[in-house]
Amino acid sequence: MSEFRINVNGEDHEIDVEADMPLLWVLRDVLGLIGTKFGCGIAQCGACTVHVDDVPMRSCSVRVADVAGQSIRTIEGLAESTHLHPLQQAWIEHDVAQCGYCQSGQIMSAAALLARNPNPTDADIDAAMVGNYCRCGTYNRIRKAIHGAAGLMAAQYVNAAEVNA
Amino acid sequence: MKQRNLISSVESALGQLRLDRRSFLKITGVAGGGFVIASVCPAVLASEAESESAASETDGEAPVVTSELNAFIKVSSDGKITIYSANAEMGQGIKTALPMIIAEELGARWEDVEVLQSPVDESRFGRQGAGGSTTIPRTWNQMRRMGASAREMFISAGALVMEVSREELKTADSKVTHGSGRYLTFGQLATLAAKQEVPDPDTLTFKDREDYTIIGTSISGVDNLAITTGLALFGIDTRVPDMLYAAYHKCPTIGGKVNGANLDEIKTMPGVVDAFLIKGNGNVRELLDGVAIVGTTTYAVFNAKKNLEVDWDESQASKDSWTEIVSRAKSLAGSRGPDEVVDKGDVEKVFADPDNTTLEAFYEYPFVAHLCMEPMNCTAHYRQGRAGEKDTLEIWLPSQSPTRIHAAARSMFGLKPDQITLHQMRLGGSFGRRTSSEYICEAIEISKRVNAPVKLTWTREDDIHHDFFRVGGFQSVKGAVNSEGRLIAFEDHFIGMQTGGRAVSGSRFRATEFPIENIDNAYASKTMFEISTPCGPWRAPGSNTSAFVSQSFLAEMAHAAGRDYLEFLLEIVGEPRWFQEGNIRSLNTGRAADVIRLAAEKAGWGREMPDGSGLGLAFYFCHAAHIAEVAEVSVDADKKLTVHKVTVAVDVGPIINMSGALSQVEGAVIDGLSTMMAQKITMENGRIEQSNFHDYQVLRIPDSPNVDIHFIQSDFSPTGLGEPALPPLAPAVGNAIFAATGHRVRKMPLSEEGYTI
């Protein structure tokens, strides 16, 4: 066991785990962030996609020791402050999910795409999303929702509204 | 999707969270077009029903009184309408669709509706399993009765308060309204309505279709906010206090017994709490022998599992070999099987007539895996009763048939249903997979042994090795057309699989298989091979392979007759008629012809196609659904296949949730293509040879075709759509490949024939 400091969704965590423990299981079992899903354990399906220093990575195949000190963003931290990310809105609007299990990984891959390319073509989407399996076959709605989210972002649809807590 | 529906569905989803005060998110408003989340705090999972009661206990605001109209409907004095969805949600959309039916008959505004997964209690909710595309047809009247019954109770309450006769009142927009314009809201009337006499179900009347305001619209799934923000929904997300994590390692050869393992070494591995052998009861659907590892994280037990060294006794285990199965089957090509299924007319006479054109072909399809994105898992807490109290069991299970575990719990653990609490979790895909109880029994046994709540998670390798596969098989078919090019005889030798003398799921050849009922001369027989490899239902069992054979071969016959397949197929379908009058689950040739014509028309059937491109048509009837599909493909010189578009025409009667229905059809088409392209499970000496996504591939987004869907919303009562759009896909693509290249595909997957995508 070794101690690591990781930053997840803006919060620092001191954790005492095996250095080889994949980030996926740190998130799910140690920190209780179950939005990131286990699909294959060999970086083939993309269900476990998170951002490590803004880069989409398969958390099932990233050792926690290798991301110590880095910033990790998961589906739970995608909403900016208290607003749903445009992708989350678009995913709801286009009713993308069927079983829904792969969708947090899909959204995280899409979020990384839109962060570097705010107006992707279908080919850009295919290239960015090729690592994310969906057994239910929601791919066409995923494409539509990514275009939809790009449109929302372009229109500055999401205002910085006051939190009405 | 319509904006109204979008807003209503999102608000509904937000409302659901608002209810759940102990949960992760609190939604407090909608501003600037965005959705505002006020606080984010992790919490131990509570079932939705439990959260609700907790909310009312801790609610410090003005008291809200909630009244129960019936098992499915509660209405609060603040106007909130809670509708319980009682069946298993696995992506087929019933958690949204069934409450839509209730809300429609009730006269609710969808914006006021919050949907919760009901507790598992079949005495209150009726059968709570889901499968076979039966939930919509099975519950359609039940849901309408629930909504209509509550509606009548609101009207009775309204009549009392407004002092008018019931006949002068109606419900709409969550209000009881008088002809004069006076109205009372459901919230105002809820307490009184709940005290009204429950109407006799036989007196209830249902809305006319033209008056629908909810059914037939597009409503975004009620769990979508939770799904997109990563809230706990699925079985694998379960976290309960003091929970341990478990892995279970079974013999890679089905039926192998465990002699021993390096348990002492495993117990010293980091995070491992315990490791022990389990002697099963030999029932593959309950508990097989294996090694359990229990630890403090999933990683700890998965990592230890890699280091397991197990001494298996495989003497009585499966010896199945796909190579041997194929070779035995091929030796039967052109023959008849020992078991006759159909014998009508005189096929031999037709085949012997030199004026007829006779054709024979041999079709093959492999075993395939379910590959639910959420691997099998279950959380169980077996509590030993203290001081004479009974033992109790609590299970958080992703299952298509939650109460099925009662039988195994009784026989294996001596527990009666009143000792068991079941929590139905959302299923991360199922496709027929989560109908067995073994992953549940394993979790129970492990929890009992360690005397703690345990979450058992299968690795993906476990999930593939220990699936209940879609069965592979073969069909040797023969047909004849007469000198006018009309199909006059069809013969099928079905080569299927059985275990213990019983046909496995998907290996039951039906005497009603198209086109047997439609022609005068037909013969079908079967040969069954005994296997040990477990098989189970897989999205449209039987149909997903038989459609490939029959619709490909009929297109072969059309070609042999020099005829266009659309015209040939419509001729076989024939004049509009029932095969069993009034039985919605029997072929209706009028509905069949309508979807075939519609798909052909929308796809531009008959148009000139460029070299290397082609259209392929297929029709199939199963699960009471009449569906036709036209695939448009191109194939290059290296056999690289592109499926540009699939046009689908569907008649399942009225559509409940248009968005969900479109999803089911689109998903079935993509799933069908994924499966036919490259998926194949093989076994040698009883061992499954594939293990994970690297050697068992799913279609990826760049290869996903455009899907163009058209519904014929006939007046027949609605039926299910989770499965029936899948079977026609494979023959449509196969027929399109033939049109594009002249090469006839008689074997799945296409990768075996040299195709790539």
# chains A, B, ... in the order shown; residues from 1 in each chain; ligands from 1

call {"tool": "residues_around", "arguments": {"residues": "Val310 of chain B", "least_positions_apart": "2", "cutoff": "6 Å", "atoms": "only C-alpha atoms", "output": "PyMOL selection string"}}
result
chain B and resi 260-261+312

call {"tool": "write_last_selection", "arguments": {"atoms": "N, CA and C atoms", "output": "short mmCIF file (atom, residue, chain, number, x, y, z; two decimals), in the first residue's frame"}}
result
data_model
loop_
_atom_site.label_atom_id
_atom_site.label_comp_id
_atom_site.auth_asym_id
_atom_site.auth_seq_id
_atom_site.Cartn_x
_atom_site.Cartn_y
_atom_site.Cartn_z
N GLY B 260 -9.23 -28.29 -5.53
CA GLY B 260 -8.46 -27.47 -4.61
C GLY B 260 -7.88 -26.27 -5.32
N ALA B 261 -7.28 -25.37 -4.56
CA ALA B 261 -6.67 -24.17 -5.14
C ALA B 261 -5.62 -23.64 -4.17
N TRP B 312 -8.77 -28.57 -11.13
CA TRP B 312 -10.14 -28.90 -11.57
C TRP B 312 -10.24 -30.38 -11.91
#

call {"tool": "residues_around", "arguments": {"residues": "Met1 of chain A", "least_positions_apart": "2", "cutoff": "12 Å", "atoms": "only C-alpha atoms", "output": "number ranges by chain"}}
result
A: 3-4, 15-21, 64-65; B: 269-271, 300

call {"tool": "write_last_selection", "arguments": {"atoms": "C-alpha atoms", "output": "PDB file, in the first residue's frame"}}
result
ATOM      1  CA  GLU A   3      -0.224   6.924  -0.265  1.00  0.00           C
ATOM      2  CA  PHE A   4      -1.221   8.982  -3.249  1.00  0.00           C
ATOM      3  CA  ILE A  15      -5.674   7.631  -0.724  1.00  0.00           C
ATOM      4  CA  ASP A  16      -3.789   4.637   0.553  1.00  0.00           C
ATOM      5  CA  VAL A  17      -3.958   1.900  -2.065  1.00  0.00           C
ATOM      6  CA  GLU A  18      -1.847  -0.473  -4.136  1.00  0.00           C
ATOM      7  CA  ALA A  19       0.237   1.437  -6.661  1.00  0.00           C
ATOM      8  CA  ASP A  20      -1.000  -0.896  -9.386  1.00  0.00           C
ATOM      9  CA  MET A  21      -4.656  -0.345  -8.657  1.00  0.00           C
ATOM     10  CA  VAL A  64      -3.215   5.147  -9.881  1.00  0.00           C
ATOM     11  CA  ALA A  65       0.523   5.636  -9.318  1.00  0.00           C
TER      12      ALA A  65
ATOM     13  CA  MET B 269      -2.532 -11.009  -1.436  1.00  0.00           C
ATOM     14  CA  PRO B 270      -3.210  -7.326  -0.807  1.00  0.00           C
ATOM     15  CA  GLY B 271      -6.798  -6.470  -0.029  1.00  0.00           C
ATOM     16  CA  ALA B 300      -8.077  -6.723  -4.958  1.00  0.00           C
TER      17      ALA B 300
END

call {"tool": "select_by_dssp", "arguments": {"residues": "segment 185-394 of chain B", "states": "alpha helix (DSSP H)", "output": "number ranges by chain"}}
result
B: 186-194, 224-229, 263-267, 298-306, 322-330, 347-352

call {"tool": "write_last_selection", "arguments": {"atoms": "N, CA and C atoms", "output": "compact mmCIF listing (two decimals), in the first residue's frame"}}
result
# COMPACT_ATOMS: atom_id res chain seq x y z
N PHE B 186 -55.63 17.84 -9.40
CA PHE B 186 -55.44 16.52 -8.77
C PHE B 186 -54.88 16.69 -7.36
N GLY B 187 -53.98 17.65 -7.21
CA GLY B 187 -53.39 17.89 -5.90
C GLY B 187 -54.45 18.24 -4.87
N GLN B 188 -55.38 19.11 -5.26
CA GLN B 188 -56.45 19.51 -4.35
C GLN B 188 -57.37 18.35 -4.00
N LEU B 189 -57.56 17.46 -4.95
CA LEU B 189 -58.55 16.39 -4.77
C LEU B 189 -57.96 15.08 -4.27
N ALA B 190 -56.63 15.00 -4.20
CA ALA B 190 -55.99 13.69 -4.01
C ALA B 190 -56.49 12.95 -2.77
N THR B 191 -56.56 13.65 -1.65
CA THR B 191 -56.95 12.97 -0.41
C THR B 191 -58.37 12.41 -0.52
N LEU B 192 -59.26 13.21 -1.06
CA LEU B 192 -60.64 12.78 -1.21
C LEU B 192 -60.76 11.68 -2.26
N ALA B 193 -60.01 11.84 -3.34
CA ALA B 193 -60.09 10.85 -4.43
C ALA B 193 -59.68 9.47 -3.92
N ALA B 194 -58.67 9.45 -3.07
CA ALA B 194 -58.18 8.16 -2.57
C ALA B 194 -59.22 7.45 -1.72
N ASN B 224 -32.76 9.47 -17.69
CA ASN B 224 -31.67 10.07 -18.48
C ASN B 224 -30.81 11.05 -17.70
N LEU B 225 -31.40 11.79 -16.79
CA LEU B 225 -30.57 12.72 -16.02
C LEU B 225 -29.58 11.94 -15.15
N ALA B 226 -30.07 10.89 -14.52
CA ALA B 226 -29.18 10.07 -13.68
C ALA B 226 -28.09 9.41 -14.53
N ILE B 227 -28.47 8.96 -15.70
CA ILE B 227 -27.49 8.29 -16.58
C ILE B 227 -26.41 9.27 -17.01
N THR B 228 -26.81 10.47 -17.38
CA THR B 228 -25.84 11.41 -17.93
C THR B 228 -25.02 12.11 -16.86
N THR B 229 -25.41 12.00 -15.63
CA THR B 229 -24.62 12.63 -14.57
C THR B 229 -23.92 11.60 -13.68
N LEU B 263 -5.25 -21.49 -2.07
CA LEU B 263 -5.98 -20.52 -1.25
C LEU B 263 -5.08 -19.80 -0.26
N ASP B 264 -4.12 -20.51 0.32
CA ASP B 264 -3.24 -19.87 1.31
C ASP B 264 -2.48 -18.71 0.68
N GLU B 265 -2.00 -18.93 -0.52
CA GLU B 265 -1.26 -17.86 -1.22
C GLU B 265 -2.21 -16.70 -1.56
N ILE B 266 -3.39 -17.04 -2.05
CA ILE B 266 -4.35 -16.00 -2.43
C ILE B 266 -4.72 -15.14 -1.23
N LYS B 267 -4.87 -15.78 -0.06
CA LYS B 267 -5.30 -15.04 1.13
C LYS B 267 -4.25 -14.03 1.58
N THR B 298 -12.82 -4.24 -5.70
CA THR B 298 -12.93 -5.11 -6.88
C THR B 298 -11.54 -5.42 -7.42
N TYR B 299 -10.67 -4.41 -7.39
CA TYR B 299 -9.31 -4.65 -7.89
C TYR B 299 -8.63 -5.76 -7.09
N ALA B 300 -8.76 -5.73 -5.79
CA ALA B 300 -8.08 -6.72 -4.96
C ALA B 300 -8.49 -8.13 -5.37
N VAL B 301 -9.77 -8.33 -5.60
CA VAL B 301 -10.23 -9.69 -5.91
C VAL B 301 -9.97 -10.07 -7.36
N PHE B 302 -10.05 -9.10 -8.26
CA PHE B 302 -9.71 -9.39 -9.66
C PHE B 302 -8.22 -9.72 -9.79
N ASN B 303 -7.41 -8.96 -9.08
CA ASN B 303 -5.97 -9.16 -9.15
C ASN B 303 -5.59 -10.52 -8.56
N ALA B 304 -6.21 -10.86 -7.45
CA ALA B 304 -5.94 -12.16 -6.84
C ALA B 304 -6.41 -13.29 -7.75
N LYS B 305 -7.51 -13.06 -8.43
CA LYS B 305 -8.08 -14.09 -9.32
C LYS B 305 -7.08 -14.47 -10.42
N LYS B 306 -6.31 -13.47 -10.86
CA LYS B 306 -5.31 -13.75 -11.90
C LYS B 306 -4.23 -14.70 -11.39
N TRP B 322 -16.81 -27.04 -31.47
CA TRP B 322 -17.49 -26.40 -32.60
C TRP B 322 -17.03 -27.04 -33.91
N THR B 323 -15.75 -27.35 -34.02
CA THR B 323 -15.24 -27.97 -35.26
C THR B 323 -15.99 -29.27 -35.54
N GLU B 324 -16.17 -30.05 -34.48
CA GLU B 324 -16.85 -31.32 -34.65
C GLU B 324 -18.34 -31.11 -34.98
N ILE B 325 -18.93 -30.12 -34.32
CA ILE B 325 -20.35 -29.83 -34.59
C ILE B 325 -20.54 -29.46 -36.06
N VAL B 326 -19.64 -28.61 -36.58
CA VAL B 326 -19.75 -28.17 -37.97
C VAL B 326 -19.60 -29.36 -38.90
N SER B 327 -18.62 -30.20 -38.59
CA SER B 327 -18.38 -31.30 -39.52
C SER B 327 -19.53 -32.31 -39.51
N ARG B 328 -20.10 -32.57 -38.35
CA ARG B 328 -21.27 -33.44 -38.28
C ARG B 328 -22.45 -32.85 -39.04
N ALA B 329 -22.63 -31.55 -38.86
CA ALA B 329 -23.78 -30.90 -39.50
C ALA B 329 -23.63 -30.93 -41.02
N LYS B 330 -22.43 -30.67 -41.49
CA LYS B 330 -22.23 -30.63 -42.94
C LYS B 330 -22.48 -31.99 -43.57
N VAL B 347 -44.06 -32.44 -51.19
CA VAL B 347 -42.87 -31.75 -51.71
C VAL B 347 -42.08 -32.65 -52.66
N GLU B 348 -42.05 -33.93 -52.38
CA GLU B 348 -41.24 -34.82 -53.22
C GLU B 348 -41.74 -34.85 -54.65
N LYS B 349 -43.04 -34.84 -54.78
CA LYS B 349 -43.63 -34.82 -56.13
C LYS B 349 -43.23 -33.52 -56.86
N VAL B 350 -43.30 -32.42 -56.12
CA VAL B 350 -42.94 -31.13 -56.73
C VAL B 350 -41.46 -31.13 -57.14
N PHE B 351 -40.61 -31.62 -56.24
CA PHE B 351 -39.18 -31.62 -56.54
C PHE B 351 -38.86 -32.55 -57.72
N ALA B 352 -39.65 -33.61 -57.88
CA ALA B 352 -39.37 -34.59 -58.93
C ALA B 352 -39.84 -34.14 -60.32

call {"tool": "closest_residue", "arguments": {"among": "A:Glu80, A:Lys144, A:His94, A:Arg5", "to": "chain B", "atoms": "only C-alpha atoms"}}
result
A:His94

call {"tool": "residues_around", "arguments": {"residues": "Ser663 of chain B", "least_positions_apart": "6", "cutoff": "10 Å", "atoms": "only C-alpha atoms", "output": "list in words"}}
result
Asp95, Val96, Ala97, Gln98, Cys136, Gly137, Thr138, Asn140 and Arg141 of chain A; Gly91, Gln92, Gly93, Asn657, Val669, Ile709, Leu721 and Gly722 of chain B

call {"tool": "write_last_selection", "arguments": {"atoms": "C-alpha atoms", "output": "PDB file, in the first residue's frame"}}
result
ATOM      1  CA  ASP A  95     -32.862  10.602 -25.587  1.00  0.00           C
ATOM      2  CA  VAL A  96     -29.607   8.896 -26.495  1.00  0.00           C
ATOM      3  CA  ALA A  97     -29.453   6.201 -23.850  1.00  0.00           C
ATOM      4  CA  GLN A  98     -31.012   2.806 -24.171  1.00  0.00           C
ATOM      5  CA  CYS A 136     -27.485  -1.175 -27.673  1.00  0.00           C
ATOM      6  CA  GLY A 137     -26.547   0.637 -30.871  1.00  0.00           C
ATOM      7  CA  THR A 138     -27.103   4.279 -29.906  1.00  0.00           C
ATOM      8  CA  ASN A 140     -26.526   7.595 -34.512  1.00  0.00           C
ATOM      9  CA  ARG A 141     -28.102   9.457 -31.625  1.00  0.00           C
TER      10      ARG A 141
ATOM     11  CA  GLY B  91     -32.760  -0.427 -22.252  1.00  0.00           C
ATOM     12  CA  GLN B  92     -36.039  -1.395 -23.861  1.00  0.00           C
ATOM     13  CA  GLY B  93     -37.675   1.719 -22.477  1.00  0.00           C
ATOM     14  CA  ASN B 657     -43.217   6.329 -26.848  1.00  0.00           C
ATOM     15  CA  VAL B 669     -30.512  -2.846 -36.784  1.00  0.00           C
ATOM     16  CA  ILE B 709     -37.706   4.062 -39.790  1.00  0.00           C
ATOM     17  CA  LEU B 721     -40.378  -3.849 -30.004  1.00  0.00           C
ATOM     18  CA  GLY B 722     -37.271  -4.860 -28.060  1.00  0.00           C
TER      19      GLY B 722
END

call {"tool": "closest_residue", "arguments": {"among": "B:Cys441, B:Ala547, B:Ile701, B:Val240", "to": "chain A", "atoms": "only C-alpha atoms"}}
result
B:Ile701

call {"tool": "atom_distance", "arguments": {"atom1": "atom CA of Pro56 of chain A", "atom2": "atom CA of Arg73 of chain A"}}
result
9.3 Å

call {"tool": "residues_around", "arguments": {"residues": "Arg744 of chain B", "least_positions_apart": "4", "cutoff": "8 Å", "atoms": "only C-alpha atoms", "output": "MDAnalysis selection string"}}
result
chainID B and resid 734:735 737:738

call {"tool": "closest_residue", "arguments": {"among": "A:Thr49, A:Ser61, A:Thr36, A:Gln70", "to": "chain B", "atoms": "only C-alpha atoms"}}
result
A:Thr36

call {"tool": "residues_around", "arguments": {"residues": "Asn119 of chain A", "least_positions_apart": "4", "cutoff": "12 Å", "atoms": "only C-alpha atoms", "output": "PDB file with N, CA and C atoms, in the first residue's frame"}}
result
ATOM      1  N   ALA A 110     -16.795  12.404 -25.707  1.00  0.00           N
ATOM      2  CA  ALA A 110     -17.339  13.512 -26.487  1.00  0.00           C
ATOM      3  C   ALA A 110     -16.924  14.859 -25.901  1.00  0.00           C
ATOM      4  N   ALA A 111     -16.864  14.916 -24.578  1.00  0.00           N
ATOM      5  CA  ALA A 111     -16.484  16.185 -23.930  1.00  0.00           C
ATOM      6  C   ALA A 111     -15.036  16.557 -24.279  1.00  0.00           C
ATOM      7  N   LEU A 113     -13.552  15.697 -27.000  1.00  0.00           N
ATOM      8  CA  LEU A 113     -13.596  16.124 -28.406  1.00  0.00           C
ATOM      9  C   LEU A 113     -14.038  17.580 -28.516  1.00  0.00           C
ATOM     10  N   LEU A 114     -15.143  17.930 -27.865  1.00  0.00           N
ATOM     11  CA  LEU A 114     -15.669  19.296 -28.008  1.00  0.00           C
ATOM     12  C   LEU A 114     -14.726  20.328 -27.385  1.00  0.00           C
ATOM     13  N   ALA A 115     -13.965  19.900 -26.388  1.00  0.00           N
ATOM     14  CA  ALA A 115     -13.032  20.848 -25.767  1.00  0.00           C
ATOM     15  C   ALA A 115     -11.940  21.261 -26.745  1.00  0.00           C
ATOM     16  N   ALA A 123     -16.990  12.923 -39.366  1.00  0.00           N
ATOM     17  CA  ALA A 123     -15.722  12.178 -39.390  1.00  0.00           C
ATOM     18  C   ALA A 123     -14.919  12.445 -38.116  1.00  0.00           C
ATOM     19  N   ASP A 124     -14.934  13.689 -37.649  1.00  0.00           N
ATOM     20  CA  ASP A 124     -14.248  14.009 -36.390  1.00  0.00           C
ATOM     21  C   ASP A 124     -14.870  13.216 -35.239  1.00  0.00           C
ATOM     22  N   ILE A 125     -16.196  13.152 -35.262  1.00  0.00           N
ATOM     23  CA  ILE A 125     -16.901  12.427 -34.191  1.00  0.00           C
ATOM     24  C   ILE A 125     -16.545  10.946 -34.247  1.00  0.00           C
ATOM     25  N   ILE A 146     -23.945  15.023 -30.117  1.00  0.00           N
ATOM     26  CA  ILE A 146     -22.686  15.784 -30.107  1.00  0.00           C
ATOM     27  C   ILE A 146     -22.840  17.039 -30.976  1.00  0.00           C
ATOM     28  N   HIS A 147     -23.450  16.881 -32.142  1.00  0.00           N
ATOM     29  CA  HIS A 147     -23.727  18.073 -32.966  1.00  0.00           C
ATOM     30  C   HIS A 147     -24.637  19.039 -32.197  1.00  0.00           C
ATOM     31  N   GLY A 148     -25.625  18.475 -31.528  1.00  0.00           N
ATOM     32  CA  GLY A 148     -26.550  19.318 -30.772  1.00  0.00           C
ATOM     33  C   GLY A 148     -25.845  20.088 -29.671  1.00  0.00           C
ATOM     34  N   ALA A 149     -24.943  19.403 -28.977  1.00  0.00           N
ATOM     35  CA  ALA A 149     -24.199  20.066 -27.902  1.00  0.00           C
ATOM     36  C   ALA A 149     -23.286  21.138 -28.465  1.00  0.00           C
ATOM     37  N   ALA A 150     -22.684  20.852 -29.609  1.00  0.00           N
ATOM     38  CA  ALA A 150     -21.820  21.861 -30.253  1.00  0.00           C
ATOM     39  C   ALA A 150     -22.648  23.102 -30.577  1.00  0.00           C
ATOM     40  N   GLY A 151     -23.883  22.860 -31.024  1.00  0.00           N
ATOM     41  CA  GLY A 151     -24.780  23.974 -31.317  1.00  0.00           C
ATOM     42  C   GLY A 151     -25.134  24.759 -30.067  1.00  0.00           C
ATOM     43  N   LEU A 152     -25.402  24.062 -28.989  1.00  0.00           N
ATOM     44  CA  LEU A 152     -25.725  24.723 -27.716  1.00  0.00           C
ATOM     45  C   LEU A 152     -24.555  25.589 -27.259  1.00  0.00           C
ATOM     46  N   MET A 153     -23.353  25.038 -27.395  1.00  0.00           N
ATOM     47  CA  MET A 153     -22.182  25.785 -26.953  1.00  0.00           C
ATOM     48  C   MET A 153     -21.990  27.020 -27.820  1.00  0.00           C
ATOM     49  N   ALA A 154     -22.183  26.848 -29.127  1.00  0.00           N
ATOM     50  CA  ALA A 154     -21.992  27.968 -30.053  1.00  0.00           C
ATOM     51  C   ALA A 154     -22.990  29.071 -29.756  1.00  0.00           C
ATOM     52  N   ALA A 155     -24.192  28.688 -29.417  1.00  0.00           N
ATOM     53  CA  ALA A 155     -25.229  29.686 -29.155  1.00  0.00           C
ATOM     54  C   ALA A 155     -25.146  30.215 -27.731  1.00  0.00           C
TER      55      ALA A 155
END

call {"tool": "residues_around", "arguments": {"residues": "segment 618-621 of chain B", "least_positions_apart": "3", "cutoff": "6 Å", "atoms": "only C-alpha atoms", "output": "mmCIF file with N, CA and C atoms, in the first residue's frame"}}
result
data_model
loop_
_atom_site.group_PDB
_atom_site.id
_atom_site.type_symbol
_atom_site.label_atom_id
_atom_site.label_comp_id
_atom_site.auth_asym_id
_atom_site.auth_seq_id
_atom_site.Cartn_x
_atom_site.Cartn_y
_atom_site.Cartn_z
ATOM 1 N N GLN B 551 -35.215 -15.897 -45.285
ATOM 2 C CA GLN B 551 -35.305 -14.727 -46.158
ATOM 3 C C GLN B 551 -34.152 -14.651 -47.152
ATOM 4 N N ALA B 625 -44.857 -8.841 -34.270
ATOM 5 C CA ALA B 625 -44.451 -7.656 -35.042
ATOM 6 C C ALA B 625 -44.231 -8.034 -36.501
ATOM 7 N N HIS B 626 -44.778 -7.229 -37.385
ATOM 8 C CA HIS B 626 -44.533 -7.392 -38.819
ATOM 9 C C HIS B 626 -43.505 -6.333 -39.223
ATOM 10 N N ILE B 627 -42.349 -6.773 -39.691
ATOM 11 C CA ILE B 627 -41.268 -5.816 -39.974
ATOM 12 C C ILE B 627 -40.564 -6.182 -41.283
ATOM 13 N N ALA B 628 -40.353 -5.183 -42.115
ATOM 14 C CA ALA B 628 -39.587 -5.358 -43.355
ATOM 15 C C ALA B 628 -38.420 -4.375 -43.356
ATOM 16 N N GLU B 629 -37.308 -4.819 -43.884
ATOM 17 C CA GLU B 629 -36.117 -3.961 -43.926
ATOM 18 C C GLU B 629 -35.472 -4.045 -45.310
ATOM 19 N N PRO B 728 -34.775 -9.342 -39.330
ATOM 20 C CA PRO B 728 -34.718 -9.100 -40.780
ATOM 21 C C PRO B 728 -33.398 -8.469 -41.249
ATOM 22 N N PRO B 731 -30.668 -11.048 -43.214
ATOM 23 C CA PRO B 731 -30.988 -11.392 -44.604
ATOM 24 C C PRO B 731 -31.073 -10.171 -45.515
ATOM 25 N N ALA B 732 -31.507 -9.024 -44.988
ATOM 26 C CA ALA B 732 -31.542 -7.826 -45.838
ATOM 27 C C ALA B 732 -30.133 -7.482 -46.311
#

call {"tool": "residues_around", "arguments": {"residues": "Gln419 of chain B", "least_positions_apart": "3", "cutoff": "8 Å", "atoms": "only C-alpha atoms", "output": "tab-separated table (two decimals) with N, CA and C atoms, in the first residue's frame"}}
result
chain	number	residue	atom	x	y	z
B	390	LYS	N	-35.40	-15.74	12.31
B	390	LYS	CA	-35.11	-16.35	11.01
B	390	LYS	C	-33.96	-15.62	10.32
B	391	ASP	N	-33.26	-16.34	9.46
B	391	ASP	CA	-32.27	-15.69	8.60
B	391	ASP	C	-33.01	-14.79	7.61
B	392	THR	N	-32.35	-13.74	7.17
B	392	THR	CA	-32.95	-12.89	6.14
B	392	THR	C	-31.94	-12.66	5.04
B	393	LEU	N	-32.47	-12.26	3.91
B	393	LEU	CA	-31.62	-12.06	2.73
B	393	LEU	C	-32.09	-10.81	2.01
B	415	LEU	N	-34.78	-20.45	2.30
B	415	LEU	CA	-35.43	-19.17	2.61
B	415	LEU	C	-36.75	-19.04	1.87
B	416	LYS	N	-37.75	-18.56	2.57
B	416	LYS	CA	-39.04	-18.32	1.96
B	416	LYS	C	-39.11	-16.86	1.51

call {"tool": "closest_residue", "arguments": {"among": "A:Ser71, A:Thr82, A:Asn132, A:Asn9", "to": "Gln103 of chain A", "atoms": "only C-alpha atoms"}}
result
A:Asn132

call {"tool": "closest_residue", "arguments": {"among": "B:Gln697, B:Ser165, B:Gln475, B:Ser315", "to": "chain A", "atoms": "only C-alpha atoms"}}
result
B:Gln697

call {"tool": "closest_residue", "arguments": {"among": "A:Pro86, A:Gly35, A:Gly69, A:Gly41", "to": "chain B", "atoms": "only C-alpha atoms"}}
result
A:Gly35
